[in-house]
Amino acid sequence: MKINSYNFRLMLIFSYIIIISIIFVFSTFLNNVLLGLFIALALSFIFVYKISINSRNELDKIAYTLNKMAKKLEDKINEIEIKNQHLVAILESMVEGIIVVDKTSHIVSVNPTVENIFNISKKNLEGKIFLEVIRNNDISDIISAVLKKGEFTSCELTLMWPVQKIFQINASPVFEKGIVSGCLLVIHDMTEIRKLETMRRDFVANVSHELKTPLTSIKGFLETLLEGALDDKENNRRFLIIMQNHTERLNKLVDDLLSLSHLESKEMLLRKKLFNLYQQVVKVITNCGTQLKKRDMEIRNELPINLSVNADKDKIEGVMTNLIDNAIKFNKEKGAIRIYSQDQNDNIKIIIEDTGVGIPEKDIPRIFERFYRVDKARSTELGGTGLGLSIVKHIVELHGGEVGVESVEGLGSKFWFTLPKQ
Ligand code: ADP
């Protein structure tokens, strides 16, 4: 059969359409539509270019249509690529960990948060069976349940590895043509939230307890007085003095709580100015004169006479009073206290050293916590609220400095804080 040029070109076009269709079907089968689209597009350009320069009329129309189709395909590919980039950006910036597993529990993909949570790199996770790389039976059980039932599951888990953390796990099934083809895990770190909740609960319990003790005592003595002790000339005054002490304790507690809440509120503004710290310490020591004399204590202010700091004068006076007061309270009879400074590059370090009872090693990490006291009975007897060091820490940190303590039980303590020079 003789094939003229027109028929030949028609055959060429039809065989081209058939080839493209085969490539499409094949690429869908291989799950790589993008590759298929790309090959098809490349072929379109070659064929259409050739067709368009050699033909007219119908062939021109077909060439034009194919060109339009190629353009549409190209736009579609660009659109898919942009969407893909958006998706990657979202996943990478999420604070929640995302894990996608297929129906055989193999990890398909993870985001960077998952690498941090489990301390395993992406390349060691993707493609592996979940339980082989993340040895957590609880999460693995959740995945199995979701793959089996195809239902959303949510629960809170405490992971002990690599570090103890609390996570909220949301697991959703992934469907493909109505059949469960995988599972999507969203892992939300709840450790900080739960820690704050516990702190708030403990704080409320502590405050209630601290208020209740003096109130119970005042109420008891009031009742005793009303029931007749008022006329008891020997005891009535003693009872009133006890009530007065408890009232003072209540007052101090409320004052300290108010200071703390004020310091914790972000609106707290420091009134910084340059002042002489040596002179301020002289003033604090003078105020503690009676206490020092009573316990026959020696105190040495070894700060440089011209030491100036740029800070909130009243607040730093509070810090010095608290630390010197503690150094007296928790010292031995005839003990000694030394106040001196060390010049650090950008900071000035102030040290308050005493020869007192010291702090057991196990208590040191918690000593700046609210209401934390080594010997609660002793602190209460000395009029303490257990909030002093916590207030000190807040004030110093507001100034951009740090606090710390070095102590040996039975030998003494060195409380220190730093203040930036500027
Ligand atoms: P308070 O003095 O009201 O008890 P603080 O917050 O000032 O509360 O101190 C908390 C606890 O830290 C004290 O109860 C005490 O056990 C311990 N502490 C503080 N300063 C010293 C010190 N210089 N030597 C030994 N223990 C101290």
# chains A, B, ... in the order shown; residues from 1 in each chain; ligands from 1
call {"tool": "residues_near_ligand", "arguments": {"ligand": "ligand 1", "cutoff": "9 Å", "atoms": "only C-alpha atoms and all ligand atoms", "output": "ChimeraX atom specification"}}
result
/A:322-331,352-360,363-364,366-380,382-392,407,409,412-415
call {"tool": "select_by_dssp", "arguments": {"residues": "segment 124-189 of chain A", "states": "strand (DSSP E or B)", "output": "VMD selection string"}}
result
chain A and resid 129 153 to 159 165 to 176 179 to 189
call {"tool": "residues_around", "arguments": {"residues": "segment 142-144 of chain A", "least_positions_apart": "4", "cutoff": "7 Å", "atoms": "only C-alpha atoms", "output": "list in words"}}
result
Asp138, Lys148 and Cys183 of chain A
call {"tool": "residues_around", "arguments": {"residues": "Glu115 of chain A", "least_positions_apart": "3", "cutoff": "12 Å", "atoms": "only C-alpha atoms", "output": "ChimeraX atom specification"}}
result
/A:92,95-99,109-112,118-126,133-134,162,187
call {"tool": "write_last_selection", "arguments": {"atoms": "N, CA and C atoms", "output": "JSON list (two decimals), in the first residue's frame"}}
result
[["chain", "number", "residue", "atom", "x", "y", "z"],
["A", 92, "GLU", "N", 8.13, 21.12, 57.70],
["A", 92, "GLU", "CA", 9.44, 21.37, 58.31],
["A", 92, "GLU", "C", 9.35, 22.40, 59.42],
["A", 95, "VAL", "N", 5.98, 22.51, 64.97],
["A", 95, "VAL", "CA", 6.59, 22.11, 66.25],
["A", 95, "VAL", "C", 6.18, 20.69, 66.62],
["A", 96, "GLU", "N", 5.09, 20.21, 66.01],
["A", 96, "GLU", "CA", 4.64, 18.85, 66.26],
["A", 96, "GLU", "C", 5.45, 17.88, 65.38],
["A", 97, "GLY", "N", 5.68, 16.70, 65.90],
["A", 97, "GLY", "CA", 6.35, 15.68, 65.11],
["A", 97, "GLY", "C", 5.32, 15.00, 64.20],
["A", 98, "ILE", "N", 5.71, 14.79, 62.93],
["A", 98, "ILE", "CA", 4.80, 14.13, 61.98],
["A", 98, "ILE", "C", 5.47, 12.86, 61.46],
["A", 99, "ILE", "N", 4.75, 11.75, 61.57],
["A", 99, "ILE", "CA", 5.27, 10.49, 61.01],
["A", 99, "ILE", "C", 4.18, 9.89, 60.13],
["A", 109, "SER", "N", 7.55, 8.87, 55.71],
["A", 109, "SER", "CA", 8.25, 10.14, 55.87],
["A", 109, "SER", "C", 8.08, 10.69, 57.27],
["A", 110, "VAL", "N", 9.04, 11.53, 57.67],
["A", 110, "VAL", "CA", 9.00, 12.18, 58.99],
["A", 110, "VAL", "C", 9.42, 13.63, 58.80],
["A", 111, "ASN", "N", 9.03, 14.50, 59.75],
["A", 111, "ASN", "CA", 9.52, 15.88, 59.68],
["A", 111, "ASN", "C", 10.68, 16.06, 60.66],
["A", 112, "PRO", "N", 11.43, 17.20, 60.60],
["A", 112, "PRO", "CA", 12.63, 17.35, 61.44],
["A", 112, "PRO", "C", 12.33, 17.25, 62.95],
["A", 118, "PHE", "N", 13.11, 11.85, 68.89],
["A", 118, "PHE", "CA", 13.66, 10.50, 69.10],
["A", 118, "PHE", "C", 15.17, 10.43, 68.92],
["A", 119, "ASN", "N", 15.76, 11.59, 68.58],
["A", 119, "ASN", "CA", 17.21, 11.65, 68.43],
["A", 119, "ASN", "C", 17.72, 10.66, 67.37],
["A", 120, "ILE", "N", 16.96, 10.51, 66.30],
["A", 120, "ILE", "CA", 17.38, 9.63, 65.19],
["A", 120, "ILE", "C", 17.25, 10.45, 63.91],
["A", 121, "SER", "N", 18.24, 10.28, 63.00],
["A", 121, "SER", "CA", 18.18, 11.08, 61.77],
["A", 121, "SER", "C", 17.12, 10.52, 60.81],
["A", 122, "LYS", "N", 16.64, 11.43, 59.95],
["A", 122, "LYS", "CA", 15.60, 11.11, 58.96],
["A", 122, "LYS", "C", 15.98, 9.88, 58.12],
["A", 123, "LYS", "N", 17.27, 9.86, 57.71],
["A", 123, "LYS", "CA", 17.68, 8.76, 56.81],
["A", 123, "LYS", "C", 17.68, 7.40, 57.53],
["A", 124, "ASN", "N", 17.80, 7.44, 58.86],
["A", 124, "ASN", "CA", 17.73, 6.18, 59.60],
["A", 124, "ASN", "C", 16.30, 5.80, 59.97],
["A", 125, "LEU", "N", 15.35, 6.68, 59.66],
["A", 125, "LEU", "CA", 13.95, 6.39, 59.99],
["A", 125, "LEU", "C", 13.16, 5.96, 58.75],
["A", 126, "GLU", "N", 13.30, 6.76, 57.69],
["A", 126, "GLU", "CA", 12.47, 6.52, 56.50],
["A", 126, "GLU", "C", 12.81, 5.19, 55.83],
["A", 133, "VAL", "N", 13.03, 0.99, 64.56],
["A", 133, "VAL", "CA", 13.84, 2.19, 64.79],
["A", 133, "VAL", "C", 13.34, 3.01, 65.97],
["A", 134, "ILE", "N", 12.02, 3.00, 66.22],
["A", 134, "ILE", "CA", 11.48, 3.71, 67.39],
["A", 134, "ILE", "C", 10.90, 2.64, 68.30],
["A", 162, "PRO", "N", 14.41, 9.13, 74.43],
["A", 162, "PRO", "CA", 15.76, 9.28, 74.97],
["A", 162, "PRO", "C", 15.78, 10.05, 76.31],
["A", 187, "ILE", "N", 2.63, 14.17, 66.76],
["A", 187, "ILE", "CA", 3.14, 14.04, 68.13],
["A", 187, "ILE", "C", 3.37, 15.42, 68.73]]
call {"tool": "atom_distance", "arguments": {"atom1": "atom CA of Ile242 of chain A", "atom2": "atom CA of His209 of chain A"}}
result
18.9 Å
call {"tool": "atom_distance", "arguments": {"atom1": "atom CA of His394 of chain A", "atom2": "atom CA of Leu419 of chain A"}}
result
12.7 Å
call {"tool": "residues_around", "arguments": {"residues": "segment 174-176 of chain A", "least_positions_apart": "5", "cutoff": "12 Å", "atoms": "only C-alpha atoms", "output": "PDB file with N, CA and C atoms, in the first residue's frame"}}
result
ATOM      1  N   ILE A  99       4.746  11.755  61.572  1.00  0.00           N
ATOM      2  CA  ILE A  99       5.268  10.493  61.015  1.00  0.00           C
ATOM      3  C   ILE A  99       4.177   9.886  60.130  1.00  0.00           C
ATOM      4  N   VAL A 100       4.556   9.499  58.917  1.00  0.00           N
ATOM      5  CA  VAL A 100       3.604   8.800  58.050  1.00  0.00           C
ATOM      6  C   VAL A 100       4.125   7.375  57.872  1.00  0.00           C
ATOM      7  N   VAL A 101       3.273   6.392  58.174  1.00  0.00           N
ATOM      8  CA  VAL A 101       3.682   5.000  57.940  1.00  0.00           C
ATOM      9  C   VAL A 101       2.731   4.369  56.921  1.00  0.00           C
ATOM     10  N   ASP A 102       3.225   3.381  56.187  1.00  0.00           N
ATOM     11  CA  ASP A 102       2.346   2.719  55.220  1.00  0.00           C
ATOM     12  C   ASP A 102       1.624   1.546  55.893  1.00  0.00           C
ATOM     13  N   LYS A 103       0.871   0.787  55.099  1.00  0.00           N
ATOM     14  CA  LYS A 103       0.035  -0.247  55.718  1.00  0.00           C
ATOM     15  C   LYS A 103       0.838  -1.414  56.299  1.00  0.00           C
ATOM     16  N   ILE A 143      -0.500   2.526  66.135  1.00  0.00           N
ATOM     17  CA  ILE A 143      -0.449   2.426  64.663  1.00  0.00           C
ATOM     18  C   ILE A 143      -1.200   1.178  64.201  1.00  0.00           C
ATOM     19  N   VAL A 146      -4.927   1.676  64.401  1.00  0.00           N
ATOM     20  CA  VAL A 146      -5.453   2.577  63.363  1.00  0.00           C
ATOM     21  C   VAL A 146      -5.476   1.866  62.006  1.00  0.00           C
ATOM     22  N   LEU A 147      -4.400   1.119  61.695  1.00  0.00           N
ATOM     23  CA  LEU A 147      -4.348   0.408  60.413  1.00  0.00           C
ATOM     24  C   LEU A 147      -5.435  -0.654  60.333  1.00  0.00           C
ATOM     25  N   LYS A 148      -5.757  -1.244  61.506  1.00  0.00           N
ATOM     26  CA  LYS A 148      -6.756  -2.315  61.526  1.00  0.00           C
ATOM     27  C   LYS A 148      -8.175  -1.755  61.456  1.00  0.00           C
ATOM     28  N   LYS A 149      -8.449  -0.765  62.345  1.00  0.00           N
ATOM     29  CA  LYS A 149      -9.826  -0.272  62.436  1.00  0.00           C
ATOM     30  C   LYS A 149     -10.125   0.893  61.508  1.00  0.00           C
ATOM     31  N   GLY A 150      -9.091   1.598  61.077  1.00  0.00           N
ATOM     32  CA  GLY A 150      -9.297   2.763  60.213  1.00  0.00           C
ATOM     33  C   GLY A 150      -9.970   3.910  60.944  1.00  0.00           C
ATOM     34  N   GLU A 151      -9.731   3.994  62.272  1.00  0.00           N
ATOM     35  CA  GLU A 151     -10.369   5.061  63.057  1.00  0.00           C
ATOM     36  C   GLU A 151      -9.323   5.943  63.724  1.00  0.00           C
ATOM     37  N   PHE A 152      -9.674   7.237  63.908  1.00  0.00           N
ATOM     38  CA  PHE A 152      -8.782   8.191  64.575  1.00  0.00           C
ATOM     39  C   PHE A 152      -8.610   7.801  66.045  1.00  0.00           C
ATOM     40  N   SER A 181      -4.523   2.844  53.776  1.00  0.00           N
ATOM     41  CA  SER A 181      -3.228   2.575  53.147  1.00  0.00           C
ATOM     42  C   SER A 181      -2.074   3.020  54.046  1.00  0.00           C
ATOM     43  N   GLY A 182      -2.386   3.595  55.188  1.00  0.00           N
ATOM     44  CA  GLY A 182      -1.317   4.033  56.086  1.00  0.00           C
ATOM     45  C   GLY A 182      -1.860   4.752  57.297  1.00  0.00           C
ATOM     46  N   CYS A 183      -0.934   5.340  58.058  1.00  0.00           N
ATOM     47  CA  CYS A 183      -1.339   6.017  59.286  1.00  0.00           C
ATOM     48  C   CYS A 183      -0.500   7.291  59.439  1.00  0.00           C
ATOM     49  N   LEU A 184      -1.157   8.367  59.841  1.00  0.00           N
ATOM     50  CA  LEU A 184      -0.465   9.649  60.061  1.00  0.00           C
ATOM     51  C   LEU A 184      -0.440   9.932  61.551  1.00  0.00           C
ATOM     52  N   LEU A 185       0.784  10.094  62.108  1.00  0.00           N
ATOM     53  CA  LEU A 185       0.920  10.366  63.546  1.00  0.00           C
ATOM     54  C   LEU A 185       1.321  11.821  63.751  1.00  0.00           C
TER      55      LEU A 185
END
call {"tool": "residues_around", "arguments": {"residues": "Leu277 of chain A", "least_positions_apart": "5", "cutoff": "10 Å", "atoms": "only C-alpha atoms", "output": "list in words"}}
result
Val282, Lys283, Leu303, Pro304, Ile305, Asn306, Leu307, Ser308, Val309, Asn310, Ala311, Lys313, Ile316, Glu317, Met320 and Ile350 of chain A
call {"tool": "write_last_selection", "arguments": {"atoms": "C-alpha atoms", "output": "PDB file, in the first residue's frame"}}
result
ATOM      1  CA  VAL A 282      27.120  49.345 104.581  1.00  0.00           C
ATOM      2  CA  LYS A 283      23.474  50.447 104.993  1.00  0.00           C
ATOM      3  CA  LEU A 303      33.671  45.259  98.212  1.00  0.00           C
ATOM      4  CA  PRO A 304      35.788  47.964  96.536  1.00  0.00           C
ATOM      5  CA  ILE A 305      34.819  51.334  98.087  1.00  0.00           C
ATOM      6  CA  ASN A 306      34.136  52.825  94.649  1.00  0.00           C
ATOM      7  CA  LEU A 307      32.177  49.835  93.252  1.00  0.00           C
ATOM      8  CA  SER A 308      29.294  51.227  91.190  1.00  0.00           C
ATOM      9  CA  VAL A 309      26.592  49.213  89.436  1.00  0.00           C
ATOM     10  CA  ASN A 310      23.896  50.216  86.980  1.00  0.00           C
ATOM     11  CA  ALA A 311      20.771  48.591  88.446  1.00  0.00           C
ATOM     12  CA  LYS A 313      18.743  50.417  93.611  1.00  0.00           C
ATOM     13  CA  ILE A 316      19.282  45.232  94.663  1.00  0.00           C
ATOM     14  CA  GLU A 317      18.933  46.404  98.264  1.00  0.00           C
ATOM     15  CA  MET A 320      21.493  42.100  99.525  1.00  0.00           C
ATOM     16  CA  ILE A 350      29.034  39.581  94.188  1.00  0.00           C
TER      17      ILE A 350
END
call {"tool": "closest_residue", "arguments": {"among": "A:Thr418, A:Gln291, A:Asn245, A:Thr153", "to": "Ile218 of chain A", "atoms": "only C-alpha atoms"}}
result
A:Asn245
call {"tool": "atom_distance", "arguments": {"atom1": "atom CA of Ile107 of chain A", "atom2": "atom CA of Glu156 of chain A"}}
result
21.3 Å
